[in-house]
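Asks: Structure: entry.cif, mmCIF, C-alpha atoms and all ligand atoms.
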data_input
#
loop_
_atom_site.label_atom_id
_atom_site.label_comp_id
_atom_site.auth_asym_id
_atom_site.auth_seq_id
_atom_site.Cartn_x
_atom_site.Cartn_y
_atom_site.Cartn_z
CA MET L 24 30.61 25.70 -76.22
CA THR L 25 31.14 26.97 -79.75
CA ALA L 26 33.55 24.32 -81.05
CA GLN L 27 32.53 21.16 -82.83
CA LEU L 28 33.93 18.18 -80.96
CA ILE L 29 36.23 15.95 -83.04
CA ASP L 30 35.27 12.44 -81.97
CA GLY L 31 38.50 10.47 -82.32
CA LYS L 32 36.95 7.35 -80.87
CA LEU L 33 34.32 7.28 -83.61
CA PHE L 34 36.77 7.92 -86.47
CA ALA L 35 39.24 5.40 -85.02
CA GLN L 36 36.46 2.79 -84.97
CA GLN L 37 35.71 3.51 -88.64
CA VAL L 38 39.39 3.00 -89.56
CA ARG L 39 39.50 -0.19 -87.48
CA ASP L 40 36.36 -1.51 -89.19
CA GLU L 41 37.89 -0.87 -92.62
CA VAL L 42 41.10 -2.64 -91.59
CA ALA L 43 39.14 -5.61 -90.17
CA VAL L 44 37.28 -5.98 -93.50
CA ASN L 45 40.58 -5.99 -95.43
CA VAL L 46 42.12 -8.49 -93.05
CA ALA L 47 39.07 -10.78 -93.36
CA LYS L 48 39.32 -10.60 -97.18
CA ARG L 49 42.97 -11.61 -97.05
CA SER L 50 42.23 -14.50 -94.78
CA ALA L 51 39.32 -15.64 -97.01
CA ALA L 52 41.88 -15.70 -99.84
CA GLY L 53 44.02 -18.07 -97.74
CA LYS L 54 46.65 -15.50 -96.77
CA PRO L 55 48.25 -15.45 -93.33
CA LYS L 56 47.16 -12.86 -90.77
CA PRO L 57 49.02 -9.54 -90.92
CA THR L 58 51.30 -9.74 -87.90
CA LEU L 59 52.91 -7.06 -85.78
CA ALA L 60 56.03 -7.71 -83.72
CA THR L 61 56.21 -5.42 -80.69
CA VAL L 62 59.51 -4.73 -78.97
CA LEU L 63 59.32 -3.34 -75.45
CA VAL L 64 62.57 -2.67 -73.58
CA GLY L 65 62.47 -2.14 -69.82
CA ASP L 66 59.55 -1.69 -67.47
CA ARG L 67 58.07 1.76 -68.05
CA VAL L 68 54.43 1.46 -67.07
CA ASP L 69 53.18 3.90 -69.76
CA SER L 70 55.08 2.08 -72.54
CA ALA L 71 53.80 -1.31 -71.34
CA THR L 72 50.23 0.04 -71.37
CA TYR L 73 50.59 1.39 -74.92
CA VAL L 74 52.12 -1.85 -76.19
CA SER L 75 49.41 -4.02 -74.67
CA ALA L 76 46.72 -1.76 -76.19
CA LYS L 77 48.39 -2.25 -79.59
CA GLN L 78 48.44 -6.03 -79.16
CA LYS L 79 44.81 -6.04 -78.08
CA ALA L 80 43.85 -4.03 -81.16
CA CYS L 81 45.64 -6.57 -83.38
CA ALA L 82 43.59 -9.39 -81.86
CA GLU L 83 40.32 -7.44 -82.20
CA LEU L 84 40.96 -6.85 -85.90
CA GLY L 85 41.92 -10.45 -86.70
CA MET L 86 45.63 -9.67 -86.90
CA GLY L 87 48.48 -11.41 -85.13
CA SER L 88 51.01 -9.97 -82.72
CA ILE L 89 54.27 -11.31 -81.38
CA SER L 90 55.51 -9.76 -78.16
CA HIS L 91 59.18 -9.26 -77.33
CA GLN L 92 59.74 -8.01 -73.80
CA LEU L 93 63.37 -7.28 -73.09
CA PRO L 94 65.18 -6.34 -69.89
CA ALA L 95 66.05 -2.67 -69.34
CA ASP L 96 69.78 -3.50 -69.38
CA ILE L 97 69.79 -5.34 -72.72
CA SER L 98 72.85 -4.51 -74.82
CA GLN L 99 72.74 -2.62 -78.09
CA ALA L 100 74.12 -5.71 -79.86
CA GLU L 101 71.39 -7.98 -78.49
CA LEU L 102 68.64 -5.55 -79.46
CA GLU L 103 70.09 -5.15 -82.95
CA LYS L 104 70.26 -8.94 -83.29
CA LEU L 105 66.54 -9.17 -82.53
CA ILE L 106 65.64 -6.46 -85.07
CA LYS L 107 67.66 -8.25 -87.76
CA LYS L 108 65.87 -11.50 -86.92
CA LEU L 109 62.46 -9.78 -87.16
CA ASN L 110 63.45 -8.20 -90.48
CA LYS L 111 64.10 -11.67 -91.89
CA SER L 112 61.12 -13.44 -90.33
CA LYS L 113 58.40 -14.36 -92.82
CA LYS L 114 55.88 -14.42 -89.96
CA VAL L 115 56.36 -10.72 -89.15
CA ASN L 116 54.88 -7.96 -91.32
CA GLY L 117 55.40 -4.96 -89.06
CA ILE L 118 57.97 -4.09 -86.39
CA LEU L 119 57.19 -1.65 -83.60
CA VAL L 120 59.97 -0.64 -81.22
CA GLN L 121 58.23 1.20 -78.39
CA LEU L 122 59.94 4.51 -77.56
CA PRO L 123 61.62 5.89 -75.56
CA LEU L 124 64.38 3.30 -75.20
CA PRO L 125 66.54 3.29 -72.06
CA SER L 126 69.24 5.95 -72.39
CA HIS L 127 72.20 3.56 -72.87
CA LEU L 128 70.69 2.39 -76.18
CA ASP L 129 71.26 4.18 -79.48
CA GLU L 130 67.71 4.78 -80.73
CA GLU L 131 68.83 6.12 -84.10
CA ARG L 132 70.84 2.98 -84.89
CA VAL L 133 67.95 0.74 -83.85
CA LEU L 134 65.36 2.59 -85.93
CA GLN L 135 67.54 2.69 -89.02
CA LEU L 136 67.93 -1.08 -88.84
CA VAL L 137 64.18 -1.70 -89.18
CA SER L 138 63.48 -2.76 -92.76
CA ILE L 139 61.46 0.00 -94.48
CA GLU L 140 58.85 -2.52 -95.66
CA LYS L 141 58.18 -3.40 -92.00
CA ASP L 142 58.54 0.11 -90.56
CA VAL L 143 54.88 0.50 -89.55
CA ASP L 144 55.80 3.34 -87.16
CA GLY L 145 57.28 5.29 -90.09
CA PHE L 146 60.34 6.25 -88.01
CA SER L 147 63.09 4.85 -90.24
CA PRO L 148 65.22 7.66 -91.69
CA ILE L 149 64.20 6.57 -95.20
CA ASN L 150 60.48 6.89 -94.50
CA ILE L 151 60.95 10.23 -92.70
CA GLY L 152 63.28 11.46 -95.46
CA ARG L 153 60.69 10.65 -98.10
CA LEU L 154 58.01 12.41 -96.06
CA ALA L 155 60.21 15.51 -96.07
CA GLN L 156 60.81 15.54 -99.82
CA LYS L 157 58.61 16.90 -102.53
CA GLY L 158 57.22 14.31 -104.92
CA ARG L 159 58.30 11.36 -102.74
CA GLU L 160 56.02 9.08 -100.79
CA PRO L 161 56.98 7.25 -97.58
CA LEU L 162 55.83 3.63 -97.35
CA PHE L 163 54.40 4.44 -93.91
CA VAL L 164 53.43 7.68 -92.17
CA PRO L 165 54.04 7.95 -88.39
CA CYS L 166 50.81 6.92 -86.67
CA THR L 167 49.99 9.89 -84.40
CA PRO L 168 50.51 12.67 -86.98
CA TYR L 169 48.74 10.50 -89.56
CA GLY L 170 45.78 10.30 -87.15
CA CYS L 171 45.79 14.09 -86.60
CA ILE L 172 45.64 14.85 -90.31
CA TYR L 173 43.01 12.16 -90.85
CA LEU L 174 40.77 13.83 -88.23
CA LEU L 175 41.19 17.28 -89.81
CA GLU L 176 40.33 15.93 -93.24
CA LYS L 177 37.31 13.97 -91.99
CA MET L 178 35.98 17.11 -90.27
CA GLY L 179 36.31 19.00 -93.57
CA VAL L 180 38.95 21.41 -92.24
CA GLN L 181 40.69 23.18 -95.13
CA ILE L 182 44.42 22.41 -94.87
CA GLU L 183 45.61 23.87 -98.15
CA GLY L 184 46.58 27.51 -97.65
CA ALA L 185 45.83 27.40 -93.91
CA ASN L 186 48.21 28.80 -91.30
CA ALA L 187 49.13 25.74 -89.28
CA VAL L 188 51.07 25.97 -86.04
CA VAL L 189 52.67 22.85 -84.58
CA LEU L 190 53.63 23.18 -80.95
CA GLY L 191 56.48 20.72 -80.31
CA ARG L 192 59.20 19.33 -82.59
CA SER L 193 59.55 15.71 -81.47
CA ASN L 194 60.56 12.99 -83.92
CA ILE L 195 57.39 11.07 -83.05
CA VAL L 196 54.76 13.80 -83.44
CA GLY L 197 55.72 17.45 -83.99
CA MET L 198 58.22 17.16 -86.81
CA PRO L 199 56.36 14.56 -88.91
CA ALA L 200 53.07 16.45 -88.32
CA ALA L 201 54.69 19.61 -89.69
CA LEU L 202 56.04 17.72 -92.72
CA LEU L 203 52.61 16.22 -93.44
CA LEU L 204 50.97 19.66 -93.24
CA VAL L 205 53.57 21.18 -95.60
CA GLY L 206 52.91 18.29 -97.97
CA LYS L 207 49.24 19.28 -97.93
CA ASN L 208 50.10 22.88 -98.77
CA ALA L 209 49.58 24.50 -95.38
CA THR L 210 51.86 27.34 -94.28
CA VAL L 211 53.53 25.78 -91.26
CA THR L 212 55.17 27.29 -88.18
CA ILE L 213 56.89 24.97 -85.71
CA CYS L 214 57.02 26.32 -82.16
CA HIS L 215 59.12 25.03 -79.27
CA SER L 216 60.55 25.98 -75.90
CA ARG L 217 62.62 28.87 -77.34
CA THR L 218 59.83 30.41 -79.41
CA LYS L 219 59.35 34.09 -78.57
CA ASP L 220 55.87 35.31 -77.69
CA LEU L 221 54.17 31.96 -78.21
CA PRO L 222 50.59 33.27 -77.66
CA SER L 223 50.86 35.71 -80.54
CA VAL L 224 52.22 33.04 -82.91
CA ILE L 225 49.42 30.67 -81.91
CA ARG L 226 46.77 33.36 -82.35
CA ASN L 227 47.58 33.25 -86.06
CA ALA L 228 46.84 29.51 -86.37
CA ASP L 229 43.88 28.29 -88.40
CA ILE L 230 45.08 24.79 -87.47
CA LEU L 231 46.85 24.11 -84.22
CA ILE L 232 48.54 20.84 -83.27
CA ALA L 233 49.68 20.79 -79.64
CA ALA L 234 52.26 18.14 -78.73
CA ILE L 235 54.50 19.29 -75.89
CA GLY L 236 53.36 17.18 -72.94
CA LYS L 237 52.50 20.08 -70.60
CA PRO L 238 49.09 19.80 -68.92
CA GLU L 239 46.60 22.50 -70.02
CA PHE L 240 49.48 24.74 -71.09
CA LEU L 241 47.72 26.38 -73.99
CA ARG L 242 45.13 28.93 -72.90
CA GLY L 243 41.80 29.72 -74.54
CA ASP L 244 42.70 33.32 -75.32
CA TRP L 245 45.65 32.12 -77.44
CA VAL L 246 43.25 30.35 -79.82
CA LYS L 247 42.13 32.08 -83.00
CA PRO L 248 38.31 32.14 -83.17
CA GLY L 249 37.15 29.28 -85.39
CA ALA L 250 40.52 27.47 -85.39
CA ALA L 251 40.84 23.68 -85.53
CA VAL L 252 42.63 22.51 -82.38
CA VAL L 253 44.18 19.05 -82.28
CA ASP L 254 45.48 18.15 -78.82
CA VAL L 255 48.05 15.34 -78.78
CA GLY L 256 48.92 15.71 -75.08
CA ILE L 257 48.03 12.98 -72.60
CA ASN L 258 48.95 14.22 -69.12
CA SER L 259 47.69 13.10 -65.75
CA LYS L 260 46.49 15.79 -63.38
CA PRO L 261 45.73 15.27 -59.68
CA ASP L 262 41.95 15.19 -59.13
CA ALA L 263 40.58 14.32 -55.70
CA THR L 264 37.07 13.72 -57.10
CA LYS L 265 38.34 10.67 -59.06
CA LYS L 266 38.76 7.23 -57.58
CA SER L 267 42.20 6.95 -59.17
CA GLY L 268 43.17 10.35 -57.73
CA TYR L 269 43.91 11.79 -61.15
CA ARG L 270 42.38 12.54 -64.53
CA LEU L 271 43.80 12.86 -68.02
CA VAL L 272 44.16 16.29 -69.60
CA GLY L 273 45.71 17.48 -72.84
CA ASP L 274 48.23 20.22 -73.62
CA VAL L 275 45.30 22.57 -74.22
CA ASN L 276 43.01 24.03 -71.58
CA PHE L 277 39.94 22.37 -73.07
CA ASP L 278 37.26 24.27 -71.12
CA GLU L 279 38.66 27.59 -72.26
CA ALA L 280 39.60 26.63 -75.82
CA LYS L 281 36.26 24.99 -76.65
CA GLU L 282 34.57 28.39 -76.28
CA VAL L 283 36.77 29.90 -79.00
CA ALA L 284 37.81 27.14 -81.42
CA GLY L 285 35.79 25.95 -84.41
CA PHE L 286 36.83 22.32 -83.88
CA ILE L 287 38.57 20.64 -80.97
CA THR L 288 39.70 17.15 -79.98
CA PRO L 289 38.91 16.03 -76.41
CA VAL L 290 41.41 14.28 -74.13
CA PRO L 291 40.86 11.39 -73.74
CA GLY L 292 38.95 10.26 -76.85
CA GLY L 293 40.56 12.49 -79.45
CA VAL L 294 43.95 11.73 -80.98
CA GLY L 295 44.79 8.79 -78.65
CA PRO L 296 42.51 6.18 -80.28
CA MET L 297 43.64 7.34 -83.74
CA THR L 298 47.28 6.43 -83.09
CA ILE L 299 46.43 2.76 -82.62
CA ALA L 300 43.94 2.74 -85.51
CA MET L 301 46.62 4.12 -87.86
CA LEU L 302 49.14 1.56 -86.61
CA MET L 303 46.63 -1.17 -87.49
CA ARG L 304 46.13 0.37 -90.91
CA ASN L 305 49.92 0.52 -91.46
CA THR L 306 50.35 -3.09 -90.36
CA ALA L 307 47.64 -4.33 -92.73
CA ARG L 308 49.28 -2.28 -95.49
CA ALA L 309 52.67 -3.81 -94.68
CA ALA L 310 51.17 -7.27 -95.27
CA GLU L 311 49.72 -6.05 -98.60
CA ILE L 312 53.10 -4.68 -99.68
CA GLN L 313 54.96 -7.87 -98.72
CA ASP L 314 52.33 -10.31 -100.01
CA PRO L 315 50.00 -8.49 -102.45
N1 LIG L 401 56.12 6.32 -77.93
C1 LIG L 401 55.18 7.28 -77.92
N2 LIG L 401 54.45 7.26 -79.07
C2 LIG L 401 54.96 6.25 -79.81
C3 LIG L 401 54.63 5.71 -81.08
O1 LIG L 401 53.73 6.18 -81.80
N3 LIG L 401 55.36 4.67 -81.51
C4 LIG L 401 56.38 4.14 -80.76
N4 LIG L 401 57.07 3.12 -81.26
N5 LIG L 401 56.72 4.61 -79.58
C5 LIG L 401 56.00 5.66 -79.11
#
Go ahead and express the file in the form of structure tokens.
Replies:
Amino acid sequence: MTAQLIDGKLFAQQVRDEVAVNVAKRSAAGKPKPTLATVLVGDRVDSATYVSAKQKACAELGMGSISHQLPADISQAELEKLIKKLNKSKKVNGILVQLPLPSHLDEERVLQLVSIEKDVDGFSPINIGRLAQKGREPLFVPCTPYGCIYLLEKMGVQIEGANAVVLGRSNIVGMPAALLLVGKNATVTICHSRTKDLPSVIRNADILIAAIGKPEFLRGDWVKPGAAVVDVGINSKPDATKKSGYRLVGDVNFDEAKEVAGFITPVPGGVGPMTIAMLMRNTARAAEIQDP
């Protein structure tokens, strides 16, 4: 192995410790706990797992969480009513609407309703618009891309002037990751399903962020020697040697890429823990903004 492993679990713990200290200071000053309202629509097992991990993290850091579990067939009007109520509630500092929503719901309308001061996911069009504009600052940066950049910076990877390739253009990861990298003066290429000759584009990347949800898609010989590889993928792969019958793999073929890259995140234990840590940081910040 030539690559240095980027230990997301360790960095996530550091962020969580910092947040816990800030939360404890606020509570010593008599302020209420920063509180996250989670909104889960329907019964997707993956979404339910993510939401309960977020609630658990709130409790571990001395923060509050309020859970809203809604039936898969809830109407747009009912969901919008709940968001408006959460926007007004003095008890709620951050609002997290777990995505994806069932297909009959208009995600864009829901996300644009979330008050920007409570938009701890950073998905409101105002926060994303500010992220895209020079000289403007969003109140909150989307948690997964925020975690990716945090890891690169902590590992001392030079972002300014680097060729960064983002594989995937989702609203949740790829696009905001690309905007963050541009904001840090990288030269950014966004690749997707129609990109021609993907391996040769990727071979030019000093920094590579893979977020397409295809197990072990990216091969080791596509990686530029010494590159920093951040793997956002969490895919399950059948594995008869495991009790569960499967194991988690990223979008990158780790065993191959680790022999070529300079830095690489493992799956699990890389970007995953950072997403929740950054959500906790954003929620604590939301409380600071609303009640300095
Ligand atoms: N679904 C997958 N990732 C995320 C995330 O970071 N936030 C929300 N709200 N939904 C998601």
Asks: Which residue out of L:Gln121, L:Ser223, L:Asn305, L:Ser138 has the minimum interatomic distance to ligand LIG 401 (chain L) when only C-alpha atoms and all ligand atoms are used?
Replies: L:Gln121
Asks: Residues of chain L within 7 Å of ligand LIG 401 (chain L): nearest atom pair and distance (Å, one decimal) for each, counting all atoms listed in the file, sorted by chain and number, as JSON lines?
Replies:
{"residue": "L:Ser70", "atom": "CA", "partner": "L:LIG401", "partner_atom": "N1", "distance": 6.9}
{"residue": "L:Leu119", "atom": "CA", "partner": "L:LIG401", "partner_atom": "N4", "distance": 5.3}
{"residue": "L:Val120", "atom": "CA", "partner": "L:LIG401", "partner_atom": "N4", "distance": 4.7}
{"residue": "L:Gln121", "atom": "CA", "partner": "L:LIG401", "partner_atom": "N4", "distance": 3.6}
{"residue": "L:Leu122", "atom": "CA", "partner": "L:LIG401", "partner_atom": "N5", "distance": 3.8}
{"residue": "L:Pro123", "atom": "CA", "partner": "L:LIG401", "partner_atom": "N1", "distance": 6.0}
{"residue": "L:Asp144", "atom": "CA", "partner": "L:LIG401", "partner_atom": "N3", "distance": 5.8}
{"residue": "L:Pro165", "atom": "CA", "partner": "L:LIG401", "partner_atom": "O1", "distance": 6.8}
{"residue": "L:Cys166", "atom": "CA", "partner": "L:LIG401", "partner_atom": "O1", "distance": 5.7}
{"residue": "L:Thr167", "atom": "CA", "partner": "L:LIG401", "partner_atom": "O1", "distance": 5.9}
{"residue": "L:Ile195", "atom": "CA", "partner": "L:LIG401", "partner_atom": "O1", "distance": 6.2}
{"residue": "L:Thr298", "atom": "CA", "partner": "L:LIG401", "partner_atom": "O1", "distance": 6.6}
Asks: Could you check how far atom CA of Leu174 of chain L sits from atom CA of Ile287 of chain L, in Å to one decimal?
Replies: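 These two atoms are separated by 10.2 Å.
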Asks: What is the atom CA of Pro57 of chain L-atom CA of Val38 of chain L distance in Å, reported with one decimal?
Replies: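 Computing it gives 15.9 Å between the two atoms.
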Asks: So which one's closest to Ile151 of chain L, L:Leu128, L:Val115, L:Gln181, L:Met198? Using all atoms listed in the file, please.
Replies: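 Of L:Leu128, L:Val115, L:Gln181, L:Met198, the one nearest Ile151 of chain L is L:Met198, counting all atoms listed in the file.
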Asks: Compile the contact shell of Asp278 of chain L as number ranges by chain: residues with an atom at most 10 Å away, counting all atoms listed in the file, same-chain residues fewer than 5 positions apart removed.
Replies: L: 24, 239, 242-243, 283, 289
Asks: Nearest residue to Leu162 of chain L out of L:Val143, L:Val46, L:Ala82, L:Val255, using only C-alpha atoms?
Replies: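 Using only C-alpha atoms, Leu162 of chain L sits closest to L:Val143.
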Asks: Could you check the closest approach to Cys81 of chain L for each of L:Ile97, L:Val224, L:Leu302, L:Ala309 and tell me which residue wins, using only C-alpha atoms?
Replies: L:Leu302
Asks: Tell me, in Å to one decimal, how far atom CA of Phe34 of chain L is from atom CA of Pro55 of chain L.
Replies: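 Between these atoms lies a distance of 26.9 Å.
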Asks: Need to verify the contact set: Leu124 of chain L, 8 Å, only C-alpha atoms, exclusion of same-chain residues closer than 4 positions in sequence. Can you return it as an mmCIF file with C-alpha atoms, keeping the file's coordinate frame?
Replies:
data_model
loop_
_atom_site.group_PDB
_atom_site.id
_atom_site.type_symbol
_atom_site.label_atom_id
_atom_site.label_comp_id
_atom_site.auth_asym_id
_atom_site.auth_seq_id
_atom_site.Cartn_x
_atom_site.Cartn_y
_atom_site.Cartn_z
ATOM 1 C CA VAL L 64 62.570 -2.670 -73.580
ATOM 2 C CA GLY L 65 62.470 -2.140 -69.820
ATOM 3 C CA LEU L 128 70.690 2.390 -76.180
ATOM 4 C CA GLU L 130 67.710 4.780 -80.730
#
Asks: Restricting the calculation to only C-alpha atoms: of L:Ile29, L:Phe240, L:Glu311, L:Val272, which residue gets closest to Lys48 of chain L?
Replies: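 The answer is L:Glu311, which sits nearest to Lys48 of chain L.
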Asks: With C-alpha atoms as the atom set, please write segment 202-266 of chain L from the structure just given, as a PDB file, in the first residue's frame.
Replies:
ATOM      1  CA  LEU L 202     -18.782  24.375  -6.000  1.00  0.00           C
ATOM      2  CA  LEU L 203     -16.787  24.106  -2.767  1.00  0.00           C
ATOM      3  CA  LEU L 204     -13.647  23.084  -4.683  1.00  0.00           C
ATOM      4  CA  VAL L 205     -14.039  25.989  -7.137  1.00  0.00           C
ATOM      5  CA  GLY L 206     -14.432  28.291  -4.139  1.00  0.00           C
ATOM      6  CA  LYS L 207     -11.084  26.996  -2.885  1.00  0.00           C
ATOM      7  CA  ASN L 208      -9.438  27.729  -6.234  1.00  0.00           C
ATOM      8  CA  ALA L 209      -9.183  24.209  -7.630  1.00  0.00           C
ATOM      9  CA  THR L 210      -9.665  23.625 -11.359  1.00  0.00           C
ATOM     10  CA  VAL L 211     -12.758  21.452 -11.354  1.00  0.00           C
ATOM     11  CA  THR L 212     -14.119  18.927 -13.842  1.00  0.00           C
ATOM     12  CA  ILE L 213     -17.513  17.349 -13.179  1.00  0.00           C
ATOM     13  CA  CYS L 214     -17.955  13.910 -14.742  1.00  0.00           C
ATOM     14  CA  HIS L 215     -21.189  11.968 -15.177  1.00  0.00           C
ATOM     15  CA  SER L 216     -22.794   9.155 -17.130  1.00  0.00           C
ATOM     16  CA  ARG L 217     -22.294  10.900 -20.505  1.00  0.00           C
ATOM     17  CA  THR L 218     -18.641  11.831 -19.972  1.00  0.00           C
ATOM     18  CA  LYS L 219     -16.459  10.541 -22.803  1.00  0.00           C
ATOM     19  CA  ASP L 220     -13.383   8.497 -21.938  1.00  0.00           C
ATOM     20  CA  LEU L 221     -13.818   8.761 -18.183  1.00  0.00           C
ATOM     21  CA  PRO L 222     -10.519   6.987 -17.301  1.00  0.00           C
ATOM     22  CA  SER L 223      -8.451   9.562 -19.140  1.00  0.00           C
ATOM     23  CA  VAL L 224     -10.260  12.474 -17.459  1.00  0.00           C
ATOM     24  CA  ILE L 225      -9.776  10.866 -14.053  1.00  0.00           C
ATOM     25  CA  ARG L 226      -6.094  10.195 -14.717  1.00  0.00           C
ATOM     26  CA  ASN L 227      -5.619  13.964 -14.679  1.00  0.00           C
ATOM     27  CA  ALA L 228      -7.064  14.370 -11.166  1.00  0.00           C
ATOM     28  CA  ASP L 229      -4.866  15.461  -8.279  1.00  0.00           C
ATOM     29  CA  ILE L 230      -8.051  15.287  -6.188  1.00  0.00           C
ATOM     30  CA  LEU L 231     -10.807  12.845  -6.978  1.00  0.00           C
ATOM     31  CA  ILE L 232     -14.242  12.792  -5.357  1.00  0.00           C
ATOM     32  CA  ALA L 233     -16.268   9.729  -6.343  1.00  0.00           C
ATOM     33  CA  ALA L 234     -20.027   9.932  -5.729  1.00  0.00           C
ATOM     34  CA  ILE L 235     -21.965   7.854  -8.242  1.00  0.00           C
ATOM     35  CA  GLY L 236     -23.210   4.903  -6.191  1.00  0.00           C
ATOM     36  CA  LYS L 237     -21.641   2.155  -8.333  1.00  0.00           C
ATOM     37  CA  PRO L 238     -19.722  -0.484  -6.367  1.00  0.00           C
ATOM     38  CA  GLU L 239     -15.953  -0.488  -7.053  1.00  0.00           C
ATOM     39  CA  PHE L 240     -16.553   1.224 -10.397  1.00  0.00           C
ATOM     40  CA  LEU L 241     -13.374   3.257 -10.436  1.00  0.00           C
ATOM     41  CA  ARG L 242     -10.293   1.168 -11.184  1.00  0.00           C
ATOM     42  CA  GLY L 243      -6.796   1.586  -9.781  1.00  0.00           C
ATOM     43  CA  ASP L 244      -5.202   2.270 -13.148  1.00  0.00           C
ATOM     44  CA  TRP L 245      -7.466   5.317 -13.597  1.00  0.00           C
ATOM     45  CA  VAL L 246      -5.898   6.969 -10.543  1.00  0.00           C
ATOM     46  CA  LYS L 247      -3.068   9.457 -10.982  1.00  0.00           C
ATOM     47  CA  PRO L 248      -0.069   8.399  -8.863  1.00  0.00           C
ATOM     48  CA  GLY L 249      -0.110  10.395  -5.627  1.00  0.00           C
ATOM     49  CA  ALA L 250      -3.706  11.630  -6.048  1.00  0.00           C
ATOM     50  CA  ALA L 251      -6.047  12.216  -3.099  1.00  0.00           C
ATOM     51  CA  VAL L 252      -9.058   9.917  -3.496  1.00  0.00           C
ATOM     52  CA  VAL L 253     -12.237  10.638  -1.540  1.00  0.00           C
ATOM     53  CA  ASP L 254     -14.809   7.872  -1.912  1.00  0.00           C
ATOM     54  CA  VAL L 255     -18.375   8.905  -1.061  1.00  0.00           C
ATOM     55  CA  GLY L 256     -19.980   5.655  -2.252  1.00  0.00           C
ATOM     56  CA  ILE L 257     -21.630   3.288   0.220  1.00  0.00           C
ATOM     57  CA  ASN L 258     -22.711   0.180  -1.688  1.00  0.00           C
ATOM     58  CA  SER L 259     -23.437  -3.297  -0.433  1.00  0.00           C
ATOM     59  CA  LYS L 260     -21.738  -6.161  -2.213  1.00  0.00           C
ATOM     60  CA  PRO L 261     -22.600  -9.846  -1.757  1.00  0.00           C
ATOM     61  CA  ASP L 262     -19.938 -11.561   0.379  1.00  0.00           C
ATOM     62  CA  ALA L 263     -20.452 -15.150   1.485  1.00  0.00           C
ATOM     63  CA  THR L 264     -17.678 -14.878   4.107  1.00  0.00           C
ATOM     64  CA  LYS L 265     -19.755 -12.345   6.104  1.00  0.00           C
ATOM     65  CA  LYS L 266     -22.485 -13.291   8.528  1.00  0.00           C
TER      66      LYS L 266
END
